[in-house]
Amino acid sequence: MAADYVIVGAGSAGCVLAGRLSEDPDAEVLLLEAGGPDSAPEIRIPAMFPALFKSGLDWDLLGEPEPGLAGRRLYLPRGRMLGGSSSINAMIYLRGARADYDAWGPGWTYDEVLPYFKRSEDNEWGESEYHGAGGPLAVADSRSLCPLIDAELEAAVQAGYELNPDLNGARQEGVARFQLTQRDGLRCSAADAFLHPAAGRPNLTVDTGVYVRRILFDGDRATGVELVRNGAVETVHAEREVILAAGTYQSPVLLMHSGIGPADELALFGIEARADLPVGRNLQDHFMVQLNYLTDEPGLFGIFTPDNFAQLEGEGCGPLTTNYPEAGGFFRTRDGLAGPDVEFHFSGSLFYDEGLTAPHDSGYCFGPVVIQPTSRGTVKLRTPLADSKPLVASNLMSTEEDRRSAVAGLRIALEIAAQPALKAVERAPFRVPEGDSDDDLLAFARFAGQTVYHPTSTCAMGAVVDSELRVYGTEGLRVVDASVMPEITRANTNATVIMIAEKAADLIRSRTSLDAAAPALKGES
């Protein structure tokens, strides 16, 4: 088997790349995915995404003991199907701050990447300076509109924080309802947006249920991959490029099994290093800790009723369109910061135990996400077997700066919780700190905090790949996914991954300007 471009991983980036690169009828594109199709109906129903955790549609990784979190091991969900994590996430569409991209360097400044954000978007607000219309990815307002969200936003305003109706616009700070990657009240994953519309192209092949073990080389040039299908080993040849889009945890694993990584670590597994690079280092993620309160308001508890399913099917709205954190905001916890250091998620449902315990009562939650972390973790090989799950040490809350932001963010949350708008609906605290001292708040963060599922930066630009995402010391090999971010953005990361893949497609095709016809992908069948 052979193709011009062999893409490993059909997550957000892989779906974008497959859709865009196959626009060239002269390019044969092969997309390889270890998981299966995204045909399960619960994938499309927004409110059912927590049910996908620890299912057969989830890689279900488990992190190593976290010293900063009292030795707890964190659940690390990753989508295992077409669309990857865009098929199991909370659908929040956020980009981060201008300064995030300006810090990435030439080629990736905010002004240079904004056109790629806009190219991908089909925003129901229409075309504007900051938004695009007519692109493949549906971006829409929530059709759930849980009233508890209104109370949380009103409480934030009562606490002195301003409304900002466009958190992806001219400025990031303030609170608002999020826009979501939904169309007609249903999830719009990267597979829905970029891959399925291109499925009829004769030059695009999508293979699911195949596990790539390593990259093949002729000298320094990547020539293909070795994969396992139904227990049998096969090889696939790449005429032009091998492109890794397996994600922040799996792309490093593939590189290391192929001899690209820290030479001393590879030697422990008998792997000869062909390129001694800091693969798997610099892991960054956002840390989240939520306050939970009980209420007598119905909120989003007990919403899986026949009437609500009928409303979703007939009208494309109602409680089952909820993504749970329907709103949020961005805050600076202290003077002197150049931008926000915490983000809030406001939900009309309880959320605790890393989302693995189903809510038992009506409630609401909110709290800080540390969005400019200074903690750094690692992804390493666990065994010499390519299908072993990686050893992931997120190392969250390991620096004083991160602990300071988390504690200050919890103080903001307690301040918002004490406002009249929320006191009017609160029945009782459910999971909150024992007190408001720094020690109490830090202890609560260590006990209740978790990753918010935004891992990045393990194959970072400037360290493992260059500014065109080519792996140093090799030819014909790129990485295109969240792992290439040199620094994590100050927001949920899925929109950024899609932007990276949009830009990478043009880099791969050696384009220097946007193709005006590119958004037409949306209309294909």
# chains A, B, ... in the order shown; residues from 1 in each chain; ligands from 1
$ select_by_dssp --residues "segment 126-354 of chain A" --states "strand (DSSP E or B)" --output "ChimeraX atom specification"
/A:137-141,163,174-177,179-180,182-183,186-187,204-208,210-218,221-229,232-244,260-261,275-276,283-284,287-288,291-295,325-331,342-347
$ residues_around --residues "Glu66 of chain A" --least-positions-apart "5" --cutoff "12 Å" --atoms "only C-alpha atoms" --output "JSON, numbers by chain"
{"A": [71, 72, 73, 74, 75, 375, 376, 377, 378, 392, 393, 394, 395, 396, 397, 398, 446, 447, 449, 450, 451]}
$ closest_atom_pairs --of "segment 76-193 of chain A" --to "segment 322-337 of chain A" --cutoff "6 Å" --atoms "only C-alpha atoms" --output "Markdown table"
| residue | atom | partner | partner_atom | distance |
| --- | --- | --- | --- | --- |
| A:Ala90 | CA | A:Asn323 | CA | 5.3 |
| A:Ser144 | CA | A:Thr322 | CA | 5.1 |
| A:Glu173 | CA | A:Phe330 | CA | 4.7 |
| A:Gly174 | CA | A:Gly329 | CA | 5.3 |
| A:Val175 | CA | A:Gly329 | CA | 3.9 |
| A:Ala176 | CA | A:Ala327 | CA | 5.6 |
| A:Arg177 | CA | A:Ala327 | CA | 3.9 |
| A:Phe178 | CA | A:Ala327 | CA | 4.9 |
$ residues_around --residues "Ala18 of chain A" --least-positions-apart "5" --cutoff "8 Å" --atoms "only C-alpha atoms" --output "list of chain:residue names"
A:Ile7, A:Val29, A:Leu30, A:Leu31, A:Phe194, A:Leu195, A:Leu204
$ write_last_selection --atoms "C-alpha atoms" --output "CSV table (one decimal), in the first residue's frame"
chain,number,residue,atom,x,y,z
A,7,ILE,CA,-1.4,10.7,8.0
A,29,VAL,CA,-4.0,10.7,0.9
A,30,LEU,CA,-4.1,7.8,3.4
A,31,LEU,CA,-5.5,8.5,6.9
A,194,PHE,CA,-13.5,18.2,7.5
A,195,LEU,CA,-13.4,14.4,6.9
A,204,LEU,CA,-8.7,9.8,0.0
$ select_by_dssp --residues "segment 186-229 of chain A" --states "helix (DSSP H, G or I)" --output "PyMOL selection string"
chain A and resi 190-198
$ write_last_selection --atoms "C-alpha atoms" --output "mmCIF file, in the first residue's frame"
data_model
loop_
_atom_site.group_PDB
_atom_site.id
_atom_site.type_symbol
_atom_site.label_atom_id
_atom_site.label_comp_id
_atom_site.auth_asym_id
_atom_site.auth_seq_id
_atom_site.Cartn_x
_atom_site.Cartn_y
_atom_site.Cartn_z
ATOM 1 C CA ALA A 190 -13.523 17.679 13.144
ATOM 2 C CA ALA A 191 -14.632 14.489 11.400
ATOM 3 C CA ASP A 192 -18.075 15.959 10.750
ATOM 4 C CA ALA A 193 -16.565 19.210 9.499
ATOM 5 C CA PHE A 194 -13.543 18.153 7.469
ATOM 6 C CA LEU A 195 -13.443 14.395 6.910
ATOM 7 C CA HIS A 196 -16.939 13.138 6.145
ATOM 8 C CA PRO A 197 -17.625 15.805 3.474
ATOM 9 C CA ALA A 198 -14.481 14.580 1.674
#
$ closest_residue --among "A:Gly11, A:Gly314, A:Arg411, A:Ile500" --to "Thr109 of chain A" --atoms "only C-alpha atoms"
A:Ile500
$ atom_distance --atom1 "atom CA of Pro429 of chain A" --atom2 "atom CA of Phe304 of chain A"
24.9 Å
$ closest_residue --among "A:Glu354, A:Glu162, A:Glu313, A:Glu28" --to "Thr205 of chain A" --atoms "only C-alpha atoms"
A:Glu28
$ residues_around --residues "segment 250-256 of chain A" --least-positions-apart "2" --cutoff "7 Å" --atoms "only C-alpha atoms" --output "list in words"
Arg213, Arg214, Leu244, Ala245, Ala246, Gly247, Thr248, Ser258, Gly259, Ile260, Gly261, Leu266, Val279, Gly280, Leu381, Pro390, Thr458 and Cys459 of chain A
$ write_last_selection --atoms "N, CA and C atoms" --output "short mmCIF file (atom, residue, chain, number, x, y, z; two decimals), in the first residue's frame"
data_model
loop_
_atom_site.label_atom_id
_atom_site.label_comp_id
_atom_site.auth_asym_id
_atom_site.auth_seq_id
_atom_site.Cartn_x
_atom_site.Cartn_y
_atom_site.Cartn_z
N ARG A 213 2.97 1.21 14.43
CA ARG A 213 4.00 0.86 15.43
C ARG A 213 5.23 1.75 15.32
N ARG A 214 5.63 2.09 14.11
CA ARG A 214 6.84 2.91 13.97
C ARG A 214 6.89 3.51 12.57
N LEU A 244 2.56 12.87 11.40
CA LEU A 244 2.03 12.38 12.67
C LEU A 244 1.01 13.37 13.21
N ALA A 245 -0.19 12.88 13.47
CA ALA A 245 -1.26 13.68 14.05
C ALA A 245 -1.95 12.85 15.13
N ALA A 246 -1.12 12.15 15.91
CA ALA A 246 -1.64 11.21 16.90
C ALA A 246 -1.85 11.84 18.26
N GLY A 247 -1.51 13.10 18.41
CA GLY A 247 -1.81 13.80 19.65
C GLY A 247 -0.62 13.93 20.58
N THR A 248 -0.81 14.71 21.62
CA THR A 248 0.26 15.08 22.55
C THR A 248 0.85 13.88 23.28
N SER A 258 10.50 5.07 16.99
CA SER A 258 11.17 5.16 15.68
C SER A 258 12.58 5.71 15.79
N GLY A 259 13.07 5.85 17.02
CA GLY A 259 14.44 6.30 17.23
C GLY A 259 14.61 7.79 17.31
N ILE A 260 13.54 8.53 17.51
CA ILE A 260 13.62 9.98 17.61
C ILE A 260 13.18 10.37 19.02
N GLY A 261 14.13 10.83 19.81
CA GLY A 261 13.82 11.18 21.19
C GLY A 261 15.08 11.27 22.02
N LEU A 266 15.91 6.29 25.27
CA LEU A 266 15.67 5.25 24.26
C LEU A 266 16.59 4.06 24.48
N VAL A 279 11.93 14.87 22.75
CA VAL A 279 10.57 14.39 22.50
C VAL A 279 9.96 13.95 23.84
N GLY A 280 8.71 14.35 24.07
CA GLY A 280 8.03 13.97 25.29
C GLY A 280 8.29 14.90 26.47
N LEU A 381 8.17 6.43 27.29
CA LEU A 381 7.80 5.06 26.99
C LEU A 381 7.66 4.28 28.29
N PRO A 390 1.44 5.05 27.19
CA PRO A 390 2.61 5.82 27.62
C PRO A 390 2.60 6.12 29.11
N THR A 458 4.56 18.47 23.65
CA THR A 458 5.57 17.43 23.81
C THR A 458 6.46 17.23 22.58
N CYS A 459 6.11 17.89 21.48
CA CYS A 459 6.95 17.89 20.27
C CYS A 459 7.06 19.35 19.80
#
$ residues_around --residues "Ala263 of chain A" --least-positions-apart "2" --cutoff "9 Å" --atoms "only C-alpha atoms" --output "tab-separated table (two decimals) with all heavy atoms, in the first residue's frame"
chain	number	residue	atom	x	y	z
A	259	GLY	N	13.07	5.85	17.02
A	259	GLY	CA	14.44	6.30	17.23
A	259	GLY	C	14.61	7.79	17.31
A	259	GLY	O	15.75	8.28	17.22
A	260	ILE	N	13.54	8.53	17.51
A	260	ILE	CA	13.62	9.98	17.61
A	260	ILE	C	13.18	10.37	19.02
A	260	ILE	O	12.00	10.23	19.38
A	260	ILE	CB	12.74	10.66	16.56
A	260	ILE	CG1	13.19	10.26	15.16
A	260	ILE	CG2	12.77	12.18	16.71
A	260	ILE	CD1	12.24	10.66	14.07
A	261	GLY	N	14.13	10.83	19.81
A	261	GLY	CA	13.82	11.18	21.19
A	261	GLY	C	15.08	11.27	22.02
A	261	GLY	O	16.20	11.24	21.48
A	265	GLU	N	17.14	7.87	27.22
A	265	GLU	CA	15.91	7.15	27.54
A	265	GLU	C	15.63	6.03	26.55
A	265	GLU	O	15.19	4.94	26.93
A	265	GLU	CB	14.73	8.13	27.58
A	265	GLU	CG	14.81	9.15	28.72
A	265	GLU	CD	13.63	10.11	28.70
A	265	GLU	OE1	12.65	9.83	27.99
A	265	GLU	OE2	13.71	11.14	29.40
A	266	LEU	N	15.91	6.29	25.27
A	266	LEU	CA	15.67	5.25	24.26
A	266	LEU	C	16.59	4.06	24.48
A	266	LEU	O	16.18	2.90	24.26
A	266	LEU	CB	15.89	5.83	22.86
A	266	LEU	CG	14.96	6.98	22.44
A	266	LEU	CD1	15.22	7.36	20.99
A	266	LEU	CD2	13.50	6.61	22.63
A	267	ALA	N	17.81	4.32	24.93
A	267	ALA	CA	18.76	3.23	25.14
A	267	ALA	C	18.27	2.23	26.18
A	267	ALA	O	18.60	1.04	26.12
A	267	ALA	CB	20.12	3.80	25.56
A	268	LEU	N	17.47	2.70	27.13
A	268	LEU	CA	16.93	1.81	28.16
A	268	LEU	C	16.04	0.73	27.57
A	268	LEU	O	15.86	-0.33	28.16
A	268	LEU	CB	16.14	2.62	29.19
A	268	LEU	CG	16.91	3.67	29.99
A	268	LEU	CD1	15.95	4.47	30.87
A	268	LEU	CD2	17.99	3.02	30.83
A	271	ILE	N	16.53	0.93	21.95
A	271	ILE	CA	16.22	1.66	20.72
A	271	ILE	C	17.38	2.60	20.40
A	271	ILE	O	17.76	3.44	21.23
A	271	ILE	CB	14.92	2.47	20.87
A	271	ILE	CG1	13.75	1.54	21.21
A	271	ILE	CG2	14.63	3.27	19.60
A	271	ILE	CD1	12.47	2.28	21.56
A	272	GLU	N	17.93	2.45	19.22
A	272	GLU	CA	19.03	3.31	18.80
A	272	GLU	C	18.48	4.66	18.34
A	272	GLU	O	17.55	4.71	17.54
A	272	GLU	CB	19.82	2.66	17.67
A	272	GLU	CG	21.01	3.47	17.21
A	272	GLU	CD	21.80	2.79	16.11
A	272	GLU	OE1	21.48	1.62	15.79
A	272	GLU	OE2	22.74	3.41	15.57
A	273	ALA	N	19.06	5.72	18.84
A	273	ALA	CA	18.58	7.06	18.51
A	273	ALA	C	19.12	7.49	17.15
A	273	ALA	O	20.33	7.52	16.93
A	273	ALA	CB	19.00	8.05	19.58
A	274	ARG	N	18.21	7.84	16.25
A	274	ARG	CA	18.62	8.42	14.97
A	274	ARG	C	18.61	9.94	15.06
A	274	ARG	O	19.25	10.61	14.27
A	274	ARG	CB	17.73	7.94	13.82
A	274	ARG	CG	16.28	8.36	13.90
A	274	ARG	CD	15.50	8.00	12.63
A	274	ARG	NE	15.51	6.60	12.33
A	274	ARG	CZ	16.18	6.06	11.30
A	274	ARG	NH1	16.89	6.83	10.49
A	274	ARG	NH2	16.14	4.77	11.07
A	275	ALA	N	17.86	10.49	16.01
A	275	ALA	CA	17.84	11.94	16.27
A	275	ALA	C	17.61	12.14	17.76
A	275	ALA	O	16.56	11.75	18.28
A	275	ALA	CB	16.76	12.63	15.46
A	276	ASP	N	18.60	12.69	18.44
A	276	ASP	CA	18.53	12.91	19.89
A	276	ASP	C	17.81	14.23	20.14
A	276	ASP	O	18.41	15.30	20.11
A	276	ASP	CB	19.94	12.94	20.48
A	276	ASP	CG	19.95	13.02	22.00
A	276	ASP	OD1	18.87	13.00	22.61
A	276	ASP	OD2	21.05	13.12	22.58
A	277	LEU	N	16.50	14.15	20.37
A	277	LEU	CA	15.66	15.33	20.52
A	277	LEU	C	14.83	15.21	21.80
A	277	LEU	O	14.52	14.10	22.24
A	277	LEU	CB	14.72	15.49	19.32
A	277	LEU	CG	15.35	15.73	17.95
A	277	LEU	CD1	14.30	15.66	16.85
A	277	LEU	CD2	16.06	17.08	17.92
A	278	PRO	N	14.41	16.34	22.39
A	278	PRO	CA	13.66	16.29	23.66
A	278	PRO	C	12.19	15.93	23.46
A	278	PRO	O	11.28	16.61	23.96
A	278	PRO	CB	13.83	17.70	24.22
A	278	PRO	CG	13.97	18.57	23.01
A	278	PRO	CD	14.76	17.73	22.01
$ residues_around --residues "Val139 of chain A" --least-positions-apart "3" --cutoff "7 Å" --atoms "only C-alpha atoms" --output "VMD selection string"
chain A and resid 121 to 124 179 to 182
$ residues_around --residues "Ile243 of chain A" --least-positions-apart "4" --cutoff "10 Å" --atoms "only C-alpha atoms" --output "JSON, numbers by chain"
{"A": [5, 6, 7, 8, 9, 14, 17, 31, 215, 222, 224, 238, 251, 469, 470, 471, 476, 477, 478, 479, 480, 481, 508]}
$ atom_distance --atom1 "atom CA of Met1 of chain A" --atom2 "atom CA of Ala505 of chain A"
22.6 Å
$ closest_residue --among "A:Ala13, A:Ile488, A:Ile416, A:Val113" --to "Ser85 of chain A" --atoms "only C-alpha atoms"
A:Ala13
$ closest_residue --among "A:Ile92, A:Val425, A:Leu294, A:Leu21" --to "Arg240 of chain A" --atoms "only C-alpha atoms"
A:Leu21
$ atom_distance --atom1 "atom CA of Ile88 of chain A" --atom2 "atom CA of Phe49 of chain A"
5.5 Å
$ closest_residue --among "A:Glu154, A:Asp111, A:Asp38, A:Asp166" --to "Ala417 of chain A" --atoms "only C-alpha atoms"
A:Glu154
